[in-house]
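The block underneath contains the structure these notes are about, expressed in structure tokens.
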Amino acid sequence: MSEIFTNKLTIKGQQKKAEAEANNAPLNITTFKVGDGNGSYYEPTETQAALKNTKYTETFTAGTQSQIVINSSASNEVLYKCFIPADVGGFTIRELGLFDDDGDLILICKLPAQDKFALTSGVYQPLTFTPKIIYANPQTQAVLTPTSQTLPTVTEVINMITE
């Protein structure tokens, strides 16, 4: 049987996303976690509050390779670039979660098994996973990223240059 890989907003994520869009308020996704699924694949559910077995946690921080950006070809898509450095490893990645500043799981991803080798194995292997969330209201995109990560749109840059 072949696996189907998915990204799902949790119920909490659906609620918070809808509230953010309705109120033009931020949905502050600040952290991502990857895990090994406790040694096997499982079907993520909308009721999940955590990964099955977290192996690595990182925050989205300005100036690092883990970033939140607005998709340049679709202004209502926010891309969450989840970077795992080469010196982290020794496990297999099967799950990824995006968490907000309250620690709530917003998006859960079932990933194809990816061995993340330890640097001591002789393999230099940084990895990046990029899940996305599509927002119904493109006007709220700028407030849906941490303020240290907010990037101007192409139109905003052109307007700044012409002024």
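Chains: A, B, ... in order of the structure tokens. Residues: from 1 per chain. Ligands: from 1, in order shown.
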
Give me the range 75-127 of chain A side of the contact with range 21-33 of chain A, cut-off 10 Å, one line per residue showing its nearest atom pair and distance in Å at one decimal, counting only C-alpha atoms, sorted by chain and residue number, as CSV.
```
residue,atom,partner,partner_atom,distance
A:Tyr80,CA,A:Phe32,CA,8.8
A:Lys81,CA,A:Phe32,CA,9.4
A:Cys82,CA,A:Phe32,CA,6.8
A:Phe83,CA,A:Phe32,CA,9.3
A:Ile84,CA,A:Lys33,CA,9.8
A:Glu95,CA,A:Lys33,CA,8.3
A:Leu96,CA,A:Lys33,CA,5.6
A:Gly97,CA,A:Lys33,CA,5.3
A:Leu98,CA,A:Phe32,CA,4.6
A:Phe99,CA,A:Thr31,CA,5.2
A:Asp100,CA,A:Ile29,CA,3.9
A:Asp101,CA,A:Thr30,CA,5.7
A:Asp102,CA,A:Asn28,CA,8.6
A:Gly103,CA,A:Thr31,CA,8.2
A:Asp104,CA,A:Ile29,CA,9.1
A:Leu105,CA,A:Phe32,CA,9.2
A:Ile106,CA,A:Ile29,CA,7.9
A:Leu107,CA,A:Phe32,CA,9.5
A:Ile108,CA,A:Lys33,CA,9.7
```

Saved selection, atoms kept: N, CA and C atoms, as a short mmCIF file (atom, residue, chain, number, x, y, z; two decimals), in the first residue's frame:
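Listed below is the output, part-v5.cif:
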```
data_model
loop_
_atom_site.label_atom_id
_atom_site.label_comp_id
_atom_site.auth_asym_id
_atom_site.auth_seq_id
_atom_site.Cartn_x
_atom_site.Cartn_y
_atom_site.Cartn_z
N TYR A 80 6.40 28.50 4.77
CA TYR A 80 7.12 28.34 6.03
C TYR A 80 8.35 27.48 5.76
N LYS A 81 9.48 28.14 5.57
CA LYS A 81 10.72 27.44 5.25
C LYS A 81 11.36 26.91 6.53
N CYS A 82 11.27 25.60 6.70
CA CYS A 82 11.72 24.93 7.92
C CYS A 82 13.08 24.30 7.65
N PHE A 83 14.13 24.93 8.14
CA PHE A 83 15.51 24.50 7.89
C PHE A 83 16.03 23.68 9.06
N ILE A 84 16.62 22.54 8.73
CA ILE A 84 17.25 21.69 9.73
C ILE A 84 18.73 21.61 9.38
N GLU A 95 7.14 13.45 10.10
CA GLU A 95 6.09 14.39 10.48
C GLU A 95 6.69 15.77 10.73
N LEU A 96 5.89 16.80 10.50
CA LEU A 96 6.30 18.18 10.73
C LEU A 96 5.09 18.94 11.22
N GLY A 97 5.29 19.83 12.17
CA GLY A 97 4.19 20.65 12.67
C GLY A 97 4.59 22.10 12.76
N LEU A 98 3.63 22.99 12.48
CA LEU A 98 3.81 24.43 12.67
C LEU A 98 3.02 24.83 13.91
N PHE A 99 3.66 25.59 14.79
CA PHE A 99 3.06 25.97 16.07
C PHE A 99 3.03 27.50 16.19
N ASP A 100 2.00 28.01 16.84
CA ASP A 100 1.91 29.46 17.02
C ASP A 100 2.53 29.89 18.34
N ASP A 101 2.44 31.19 18.61
CA ASP A 101 3.08 31.74 19.81
C ASP A 101 2.40 31.31 21.10
N ASP A 102 1.22 30.67 21.01
CA ASP A 102 0.58 30.07 22.19
C ASP A 102 1.00 28.62 22.38
N GLY A 103 1.80 28.09 21.45
CA GLY A 103 2.22 26.69 21.51
C GLY A 103 1.21 25.73 20.92
N ASP A 104 0.20 26.26 20.21
CA ASP A 104 -0.82 25.41 19.60
C ASP A 104 -0.35 24.89 18.25
N LEU A 105 -0.63 23.62 17.98
CA LEU A 105 -0.33 23.02 16.68
C LEU A 105 -1.34 23.55 15.67
N ILE A 106 -0.84 24.25 14.65
CA ILE A 106 -1.69 24.87 13.64
C ILE A 106 -1.80 23.98 12.40
N LEU A 107 -0.66 23.47 11.93
CA LEU A 107 -0.61 22.65 10.72
C LEU A 107 0.21 21.40 11.01
N ILE A 108 -0.31 20.24 10.61
CA ILE A 108 0.41 18.97 10.77
C ILE A 108 0.67 18.40 9.38
#
```

- request: Give the helix (DSSP H, G or I) residues of chain A, as assigned by DSSP on the backbone, as a VMD selection string.
  value: chain A and resid 11 to 23 37 to 39 119 to 121 138 to 144 154 to 162

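Checking A:Ala86, A:Ile133, A:Ile93, A:Ile4 one by one against Ala118 in chain A, counting only C-alpha atoms, you find the shortest gap at A:Ala86.
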
field: Surrounding residues of Asp36 in chain A excluding itself and chain neighbours under 5 positions, 7 Å, only C-alpha atoms, as number ranges by chain
entry: A: 53-55, 91-95

Please produce a file of the residues just selected, as an mmCIF file, in the first residue's frame, where the atoms kept are N, CA, C and O atoms.
```cif
data_model
loop_
_atom_site.group_PDB
_atom_site.id
_atom_site.type_symbol
_atom_site.label_atom_id
_atom_site.label_comp_id
_atom_site.auth_asym_id
_atom_site.auth_seq_id
_atom_site.Cartn_x
_atom_site.Cartn_y
_atom_site.Cartn_z
ATOM 1 N N ASN A 53 6.291 12.085 17.967
ATOM 2 C CA ASN A 53 7.606 11.942 18.611
ATOM 3 C C ASN A 53 8.558 13.003 18.056
ATOM 4 O O ASN A 53 9.248 12.778 17.066
ATOM 5 N N THR A 54 8.585 14.144 18.706
ATOM 6 C CA THR A 54 9.409 15.274 18.261
ATOM 7 C C THR A 54 10.895 14.952 18.384
ATOM 8 O O THR A 54 11.353 14.453 19.417
ATOM 9 N N LYS A 55 11.636 15.261 17.316
ATOM 10 C CA LYS A 55 13.080 15.052 17.300
ATOM 11 C C LYS A 55 13.864 16.358 17.195
ATOM 12 O O LYS A 55 15.038 16.405 17.544
ATOM 13 N N PHE A 91 18.099 10.472 12.975
ATOM 14 C CA PHE A 91 16.708 10.047 13.052
ATOM 15 C C PHE A 91 16.068 10.116 11.669
ATOM 16 O O PHE A 91 16.663 10.629 10.731
ATOM 17 N N THR A 92 14.861 9.590 11.550
ATOM 18 C CA THR A 92 14.098 9.635 10.309
ATOM 19 C C THR A 92 12.927 10.589 10.492
ATOM 20 O O THR A 92 12.192 10.494 11.479
ATOM 21 N N ILE A 93 12.745 11.488 9.546
ATOM 22 C CA ILE A 93 11.657 12.466 9.620
ATOM 23 C C ILE A 93 10.445 11.907 8.880
ATOM 24 O O ILE A 93 10.550 11.500 7.723
ATOM 25 N N ARG A 94 9.293 11.910 9.555
ATOM 26 C CA ARG A 94 8.025 11.489 8.946
ATOM 27 C C ARG A 94 6.893 12.490 9.216
ATOM 28 O O ARG A 94 5.811 12.347 8.666
ATOM 29 N N GLU A 95 7.139 13.448 10.102
ATOM 30 C CA GLU A 95 6.095 14.395 10.483
ATOM 31 C C GLU A 95 6.695 15.770 10.734
ATOM 32 O O GLU A 95 7.865 15.888 11.098
#
```

message: Give me, as a count of residues only, the residues of range 52-110 of chain A that a backbone DSSP run labels strand (DSSP E or B).
response: 34

- prompt: Which residues come within 10 Å of Glu43 in chain A, counting only C-alpha atoms, excluding same-chain residues fewer than 2 positions away, as a PyMOL selection string?
  reply: chain A and resi 3-6+37+41+45-46+95+109-110

Go ahead and save the residues from that selection, with all heavy atoms, as an mmCIF file, in the first residue's frame.
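The resulting file, out.cif, is shown below:
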```cif
data_model
loop_
_atom_site.group_PDB
_atom_site.id
_atom_site.type_symbol
_atom_site.label_atom_id
_atom_site.label_comp_id
_atom_site.auth_asym_id
_atom_site.auth_seq_id
_atom_site.Cartn_x
_atom_site.Cartn_y
_atom_site.Cartn_z
ATOM 1 N N GLU A 3 1.746 5.196 0.552
ATOM 2 C CA GLU A 3 1.371 6.229 1.516
ATOM 3 C C GLU A 3 0.899 7.480 0.784
ATOM 4 O O GLU A 3 1.387 7.795 -0.300
ATOM 5 C CB GLU A 3 2.569 6.583 2.402
ATOM 6 C CG GLU A 3 3.015 5.469 3.310
ATOM 7 C CD GLU A 3 2.019 5.155 4.410
ATOM 8 O OE1 GLU A 3 1.239 6.026 4.813
ATOM 9 O OE2 GLU A 3 2.020 3.998 4.860
ATOM 10 N N ILE A 4 -0.018 8.188 1.380
ATOM 11 C CA ILE A 4 -0.450 9.489 0.878
ATOM 12 C C ILE A 4 0.043 10.527 1.873
ATOM 13 O O ILE A 4 -0.194 10.421 3.077
ATOM 14 C CB ILE A 4 -1.978 9.547 0.729
ATOM 15 C CG1 ILE A 4 -2.416 8.527 -0.318
ATOM 16 C CG2 ILE A 4 -2.422 10.953 0.355
ATOM 17 C CD1 ILE A 4 -3.914 8.424 -0.482
ATOM 18 N N PHE A 5 0.763 11.516 1.352
ATOM 19 C CA PHE A 5 1.363 12.522 2.211
ATOM 20 C C PHE A 5 0.498 13.776 2.186
ATOM 21 O O PHE A 5 0.068 14.226 1.121
ATOM 22 C CB PHE A 5 2.801 12.789 1.765
ATOM 23 C CG PHE A 5 3.607 11.519 1.780
ATOM 24 C CD1 PHE A 5 3.881 10.833 0.612
ATOM 25 C CD2 PHE A 5 4.022 10.973 2.977
ATOM 26 C CE1 PHE A 5 4.583 9.636 0.635
ATOM 27 C CE2 PHE A 5 4.720 9.777 3.022
ATOM 28 C CZ PHE A 5 5.001 9.112 1.837
ATOM 29 N N THR A 6 0.227 14.305 3.363
ATOM 30 C CA THR A 6 -0.746 15.383 3.482
ATOM 31 C C THR A 6 -0.272 16.480 4.429
ATOM 32 O O THR A 6 0.603 16.274 5.266
ATOM 33 C CB THR A 6 -2.082 14.850 4.035
ATOM 34 O OG1 THR A 6 -1.846 14.266 5.323
ATOM 35 C CG2 THR A 6 -2.705 13.824 3.122
ATOM 36 N N GLY A 37 7.441 10.192 13.863
ATOM 37 C CA GLY A 37 6.177 9.463 13.870
ATOM 38 C C GLY A 37 6.179 8.281 14.822
ATOM 39 O O GLY A 37 5.389 7.368 14.673
ATOM 40 N N TYR A 41 4.762 5.436 9.946
ATOM 41 C CA TYR A 41 3.774 6.385 9.433
ATOM 42 C C TYR A 41 2.485 6.287 10.242
ATOM 43 O O TYR A 41 2.158 5.235 10.798
ATOM 44 C CB TYR A 41 3.435 6.069 7.974
ATOM 45 C CG TYR A 41 4.509 6.449 6.990
ATOM 46 C CD1 TYR A 41 5.087 5.482 6.188
ATOM 47 C CD2 TYR A 41 4.923 7.763 6.862
ATOM 48 C CE1 TYR A 41 6.065 5.824 5.260
ATOM 49 C CE2 TYR A 41 5.895 8.118 5.951
ATOM 50 C CZ TYR A 41 6.463 7.141 5.149
ATOM 51 O OH TYR A 41 7.422 7.492 4.250
ATOM 52 N N THR A 45 -4.347 13.779 12.293
ATOM 53 C CA THR A 45 -5.751 14.136 12.481
ATOM 54 C C THR A 45 -5.881 15.615 12.811
ATOM 55 O O THR A 45 -4.940 16.243 13.306
ATOM 56 C CB THR A 45 -6.400 13.320 13.615
ATOM 57 O OG1 THR A 45 -5.791 13.722 14.860
ATOM 58 C CG2 THR A 45 -6.217 11.828 13.401
ATOM 59 N N GLU A 46 -7.060 16.129 12.546
ATOM 60 C CA GLU A 46 -7.343 17.536 12.845
ATOM 61 C C GLU A 46 -7.389 17.811 14.341
ATOM 62 O O GLU A 46 -7.300 18.959 14.758
ATOM 63 C CB GLU A 46 -8.671 17.938 12.208
ATOM 64 C CG GLU A 46 -8.642 17.900 10.695
ATOM 65 C CD GLU A 46 -10.004 18.202 10.082
ATOM 66 O OE1 GLU A 46 -11.034 17.968 10.747
ATOM 67 O OE2 GLU A 46 -10.012 18.655 8.937
ATOM 68 N N GLU A 95 7.139 13.448 10.102
ATOM 69 C CA GLU A 95 6.095 14.395 10.483
ATOM 70 C C GLU A 95 6.695 15.770 10.734
ATOM 71 O O GLU A 95 7.865 15.888 11.098
ATOM 72 C CB GLU A 95 5.353 13.908 11.734
ATOM 73 C CG GLU A 95 6.268 13.698 12.927
ATOM 74 C CD GLU A 95 5.572 13.167 14.176
ATOM 75 O OE1 GLU A 95 4.326 13.247 14.267
ATOM 76 O OE2 GLU A 95 6.279 12.675 15.069
ATOM 77 N N CYS A 109 1.893 17.947 9.140
ATOM 78 C CA CYS A 109 2.285 17.412 7.838
ATOM 79 C C CYS A 109 2.764 15.972 7.981
ATOM 80 O O CYS A 109 3.589 15.673 8.847
ATOM 81 C CB CYS A 109 3.432 18.227 7.242
ATOM 82 S SG CYS A 109 3.130 19.996 7.134
ATOM 83 N N LYS A 110 2.269 15.107 7.124
ATOM 84 C CA LYS A 110 2.777 13.737 6.993
ATOM 85 C C LYS A 110 3.754 13.767 5.831
ATOM 86 O O LYS A 110 3.386 14.093 4.699
ATOM 87 C CB LYS A 110 1.638 12.767 6.720
ATOM 88 C CG LYS A 110 2.111 11.331 6.519
ATOM 89 C CD LYS A 110 0.931 10.431 6.214
ATOM 90 C CE LYS A 110 1.373 9.009 5.930
ATOM 91 N NZ LYS A 110 0.218 8.161 5.571
#
```

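Rounded to one decimal, CA of Ala49 in chain A and CA of Lys132 in chain A lie 18.8 Å from each other.
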
- line: If you count only C-alpha atoms, the residue of A:Ser66, A:Ala50, A:Pro131, A:Pro112 closest to Ser2 in chain A turns out to be A:Pro112

- request: Write out as number ranges by chain the residues lying within 10 Å of Pro85 in chain A, counting only C-alpha atoms and excluding same-chain residues fewer than 3 positions away.
  value: A: 65-66, 82, 88-89, 116, 119, 124-128

query: So how many Å separate CA of Gln114 in chain A and CA of Thr59 in chain A, to one decimal?
result: 20.8 Å
